[in-house]
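Asks: This is the structure I have questions about; it appears just below.
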2 protein chains.
Amino acid sequence: MLTTSTKYAIKAVLFLALHSDENDKLMVKDFFEAINVPKEYLAKILQELSKKGVVSSSRGPKGGFYLSSKNKKLPLISIVEAIEGRHRLQSCVLSINECDNDNPCVLHDLVGNAKTIFLKNFEETTVERLIESIKEGKVL
Amino acid sequence: MLTTSTKYAIKAVLFLALHSDENDKLMVKDFFEAINVPKEYLAKILQELSKKGVVSSSRGPKGGFYLSSKNKKLPLISIVEAIEGRHRLQSCVLSINECDNDNPCVLHDLVGNAKTIFLKNFEETTVERLIESIKEGKVL
DNA sequence: TATAAAAAAGATGTTTTTGTCCGAAATGTG
DNA sequence: CACATTTCGGACAAAAACATCTTTTTTATA
């Protein structure tokens, strides 16, 4: 459903949303254990997310990663897109190029529903919104 | 959503359902091009499906692969299970072990719906049923 | 302005998935 | 029974995903 890298990315973003802001940045070494992601790999992923504008970062002493309030308003889908690109999520289940609503493959309708719901949720739910869930007891 | 191998498997099963039966078996070389799957890899996948009872096969001259009427009655999910096992489809989106309905992770509810619908469709739709769709114009 | 701290960038290593190849076992047919 | 044909099974190869390591660049602050 989501690649390992994307899962790591989501965990990282949510953790940052909860525990950082412009004045309290987090370094990789400060939280890789908390979210159970290999340290060096997390660094790579954050780099990518930063480049794509999904998280914020600053170098040097007192530097680190954090979520700006703008970052927090992004929908979940932007994390997925930053890591694995948009294509993967919306391409045909059977990877048939010509498949679309007008010329659906055998599984198109069968899977369409689930995929539509999934995408819709990821497009409509912001990081900010998820943080509420966490505060209401959902586990990260 | 589904691995490449599983997609190949589904295509192969559907093709066999359409073009083979006990008296007209198909050899790998007869249809790997039609479904656009690497020949040797398709052979491997069919072997696996055969071992798991999802497709039927016989060796030697006049041999090949086919779907028995029993095979055709199997739900789609059994193809997925044969290739990638059941676990992958139903495990937590964030791969959090403790995640379940009583102790949901942040994404559990968000994704739950889509996943439930997806699984339900794959459990309830048989190969036989899909063949009807194809005859009604859906592309394979 | 020198220093140390941090992310950025790039090179390298490992594992899993995908894909290929070849010999062994089975089986219908002359 | 001999033979050709086909799947079966295992070994091997290539590519992608996952992970680590090292060097460079930026920057706060002493």
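Note on naming: chains are A, B, ... as they come in the structure tokens, residues start from 1 per chain, ligands start from 1 in the order shown.
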Please, which residues of chain A, numbered as in this document, come out helix (DSSP H, G or I) from DSSP, as an NGL selection string?
Replies: :A and (4-19 or 28-31 or 39-51 or 69-72 or 77-84 or 87-90 or 108-124 or 127-135)
Asks: Chain A least-squares fit onto chain B, all C-alpha atoms in order: RMSD in Å?
Replies: 0.2 Å
Asks: Return the neighbours of chain D among the residues of chain A, cut-off 7 Å, counting only C-alpha atoms (C1' of nucleotides), as a ChimeraX atom specification.
Replies: /A:40-41,59-61
Asks: I need the residues from that last selection saved to file as a PDB file, in the first residue's frame (with C-alpha atoms), if you can.
Replies:
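As a result, result-v8.pdb now contains:
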ATOM      1  CA  GLU A  40      21.102   7.334   8.484  1.00  0.00           C
ATOM      2  CA  TYR A  41      18.127   6.389   6.423  1.00  0.00           C
ATOM      3  CA  ARG A  59      21.862  23.869   9.194  1.00  0.00           C
ATOM      4  CA  GLY A  60      24.520  24.542  11.726  1.00  0.00           C
ATOM      5  CA  PRO A  61      24.380  24.767  15.501  1.00  0.00           C
TER       6      PRO A  61
END
Asks: Residues at most 9 Å from Leu119 (chain A), counting only C-alpha atoms (C1' of nucleotides), excluding those fewer than 3 positions away in the same chain, as number ranges by chain?
Replies: A: 77, 89-90, 114-116, 122-124
Asks: In region 2-109 of chain B, what's strand (DSSP E or B) per DSSP? Answer as a PyMOL selection string?
Replies: chain B and resi 21+24+26+56-58+64-66+75+100+103+105
Asks: Find the nearest atom pair between each residue of chain C and chain A for residues within 8 Å, count only C-alpha atoms (C1' of nucleotides), give distances in Å to one decimal, sort rows by chain and ascending number, and present the table as JSON lines.
Replies:
{"residue": "C:DA4", "atom": "C1'", "partner": "A:Pro61", "partner_atom": "CA", "distance": 7.8}
{"residue": "C:DA5", "atom": "C1'", "partner": "A:Pro61", "partner_atom": "CA", "distance": 4.4}
{"residue": "C:DA6", "atom": "C1'", "partner": "A:Gly60", "partner_atom": "CA", "distance": 4.0}
{"residue": "C:DA7", "atom": "C1'", "partner": "A:Arg59", "partner_atom": "CA", "distance": 4.9}
{"residue": "C:DA8", "atom": "C1'", "partner": "A:Gln47", "partner_atom": "CA", "distance": 7.2}
Asks: Mind dumping the selected residues with C-alpha atoms (C1' of nucleotides) as a short mmCIF file (atom, residue, chain, number, x, y, z; two decimals), in the first residue's frame?
Replies:
data_model
loop_
_atom_site.label_atom_id
_atom_site.label_comp_id
_atom_site.auth_asym_id
_atom_site.auth_seq_id
_atom_site.Cartn_x
_atom_site.Cartn_y
_atom_site.Cartn_z
"C1'" DA C 4 32.03 23.24 16.21
"C1'" DA C 5 27.50 21.70 15.06
"C1'" DA C 6 24.24 20.53 12.04
"C1'" DA C 7 22.03 19.30 7.39
"C1'" DA C 8 23.23 18.30 2.38
#
Asks: Using only C-alpha atoms and a distance of at most 7 Å, pull out the residues of chain A that contact chain B, as JSON, numbers by chain.
Replies: {"A": [1, 7, 94, 104, 105, 106, 110, 111, 114, 115, 117, 118, 121, 130, 133, 134, 138, 139, 140]}
Asks: Give me a file of those residues, with C-alpha atoms, as an mmCIF file, in the first residue's frame.
Replies:
data_model
loop_
_atom_site.group_PDB
_atom_site.id
_atom_site.type_symbol
_atom_site.label_atom_id
_atom_site.label_comp_id
_atom_site.auth_asym_id
_atom_site.auth_seq_id
_atom_site.Cartn_x
_atom_site.Cartn_y
_atom_site.Cartn_z
ATOM 1 C CA MET A 1 0.000 0.000 0.000
ATOM 2 C CA LYS A 7 5.885 4.953 6.158
ATOM 3 C CA LEU A 94 -2.777 -4.022 -13.357
ATOM 4 C CA PRO A 104 -11.493 0.346 -17.750
ATOM 5 C CA CYS A 105 -9.469 -2.776 -17.110
ATOM 6 C CA VAL A 106 -11.086 -5.793 -15.467
ATOM 7 C CA LEU A 110 -13.417 -3.527 -8.440
ATOM 8 C CA VAL A 111 -10.532 -1.554 -7.016
ATOM 9 C CA ALA A 114 -11.096 1.520 -2.456
ATOM 10 C CA LYS A 115 -8.484 3.550 -4.251
ATOM 11 C CA ILE A 117 -11.494 6.508 -0.825
ATOM 12 C CA PHE A 118 -7.861 6.068 0.009
ATOM 13 C CA ASN A 121 -8.605 10.590 2.648
ATOM 14 C CA LEU A 130 -3.828 13.929 12.455
ATOM 15 C CA SER A 133 -6.108 12.173 16.624
ATOM 16 C CA ILE A 134 -2.845 11.477 18.334
ATOM 17 C CA LYS A 138 -4.096 7.123 18.653
ATOM 18 C CA VAL A 139 -0.642 5.632 18.634
ATOM 19 C CA LEU A 140 2.204 6.750 16.471
#
